[in-house]
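Written below as structure tokens is the structure these notes are about.
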Amino acid sequence: MNSKMIYSLAALAIAVYAIGFLRSDFQEKADYRVSWQLVDGQLIDGPKAIALDQEQRLILVVHSNRPEQLKLQGYDEILQLKSNTPQELNILLSKSGHFRLELLPHGILLGTLDVKPN
């Protein structure tokens with residue numbers, strides 16, 4: 001094998017590796033959409049525990065029969081819930097850890113969010 005062919009094969013191998021690395025590095029993680037149904041401040045439908053990866057997007061759609069305030073602790077996001085009107089919390093999960101989803105002002109726990117680090 002001559003040196004020109006060896007260099008060509010090496011360049012091809014590096015290009016294939018770089019393309020694979022860049023594709024995996026820049027792929028977006030799929031959004032996670034979940035719905036909750038609240039009746040009189042109680043979760044009656046939807047998962048109580050949500051586990052996602054850091055840098056993933058959470059879209060939480062909440063239906064409530066009365067006005068409420070839903071807080072995602074640790075992110076300090078507050079969703080104003082309106083009576084019988086779906087509201088959406090749409091957030092990119094930039095922090096890892098264990099977070100509470102609770103109703104204000106009394107801190108009633110509705111569910112938890114676990115965000116795994118990258």
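Residues are referred to by chain and number: the chain letter is A, B, ... according to the order shown in the structure tokens, the number counts from 1 in that chain, and ligands are numbered separately from 1 in the order shown.
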Contacts between region 34-45 of chain A and region 93-113 of chain A, please, where a residue of region 93-113 of chain A counts if it comes within 12 Å (with only C-alpha atoms); show its shortest atom pair and distance in Å to one decimal, rows by chain and ascending number, as JSON lines.
{"residue": "A:Leu101", "atom": "CA", "partner": "A:Leu43", "partner_atom": "CA", "distance": 11.0}
{"residue": "A:Glu102", "atom": "CA", "partner": "A:Gly41", "partner_atom": "CA", "distance": 9.8}
{"residue": "A:Leu103", "atom": "CA", "partner": "A:Gly41", "partner_atom": "CA", "distance": 7.5}
{"residue": "A:Leu104", "atom": "CA", "partner": "A:Gly41", "partner_atom": "CA", "distance": 10.0}
{"residue": "A:Pro105", "atom": "CA", "partner": "A:Gly41", "partner_atom": "CA", "distance": 11.6}
{"residue": "A:His106", "atom": "CA", "partner": "A:Gly41", "partner_atom": "CA", "distance": 10.8}
{"residue": "A:Gly107", "atom": "CA", "partner": "A:Gly41", "partner_atom": "CA", "distance": 11.0}
{"residue": "A:Ile108", "atom": "CA", "partner": "A:Gly41", "partner_atom": "CA", "distance": 8.3}
{"residue": "A:Leu109", "atom": "CA", "partner": "A:Gln42", "partner_atom": "CA", "distance": 9.2}
{"residue": "A:Leu110", "atom": "CA", "partner": "A:Leu43", "partner_atom": "CA", "distance": 6.2}
{"residue": "A:Gly111", "atom": "CA", "partner": "A:Leu43", "partner_atom": "CA", "distance": 8.4}
{"residue": "A:Leu113", "atom": "CA", "partner": "A:Val34", "partner_atom": "CA", "distance": 11.9}
(request) List the neighbours of Arg57 (chain A) out to 7 Å using only C-alpha atoms; skip same-chain residues closer than 3 positions along the sequence, and give me the result as a ChimeraX atom specification. (result) /A:31-32,91-93
(message) If I take CA of Lys82 (chain A) and CA of Ser96 (chain A), how far is one from the other in Å, to one decimal?
(response)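 These atoms are spaced 29.2 Å apart.
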(request) Figure out the distance between CA of Ala51 (chain A) and CA of Asn118 (chain A), please, to one decimal in Å. (result)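 These two atoms are separated by 13.2 Å.
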(request) Considering only C-alpha atoms, state which residue in the set A:Asp114, A:Ala30, A:Glu88, A:Arg100 is at the smallest distance from Val62 (chain A). (result)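 Closest to Val62 (chain A) of all the choices is A:Glu88.
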(message) Report, in Å with one decimal, the straight-line distance from CA of Arg66 (chain A) to CA of Arg33 (chain A).
(response)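 Atom-to-atom, CA of Arg66 (chain A) and CA of Arg33 (chain A) are spaced 22.2 Å apart.
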(request) Enumerate the residues of region 22-100 of chain A with a DSSP assignment of strand (DSSP E or B), computed from the backbone, and present them as a ChimeraX atom specification. (result) /A:32-39,42-45,49-53,57-64,68-72,77-83,85,87-92,97-100
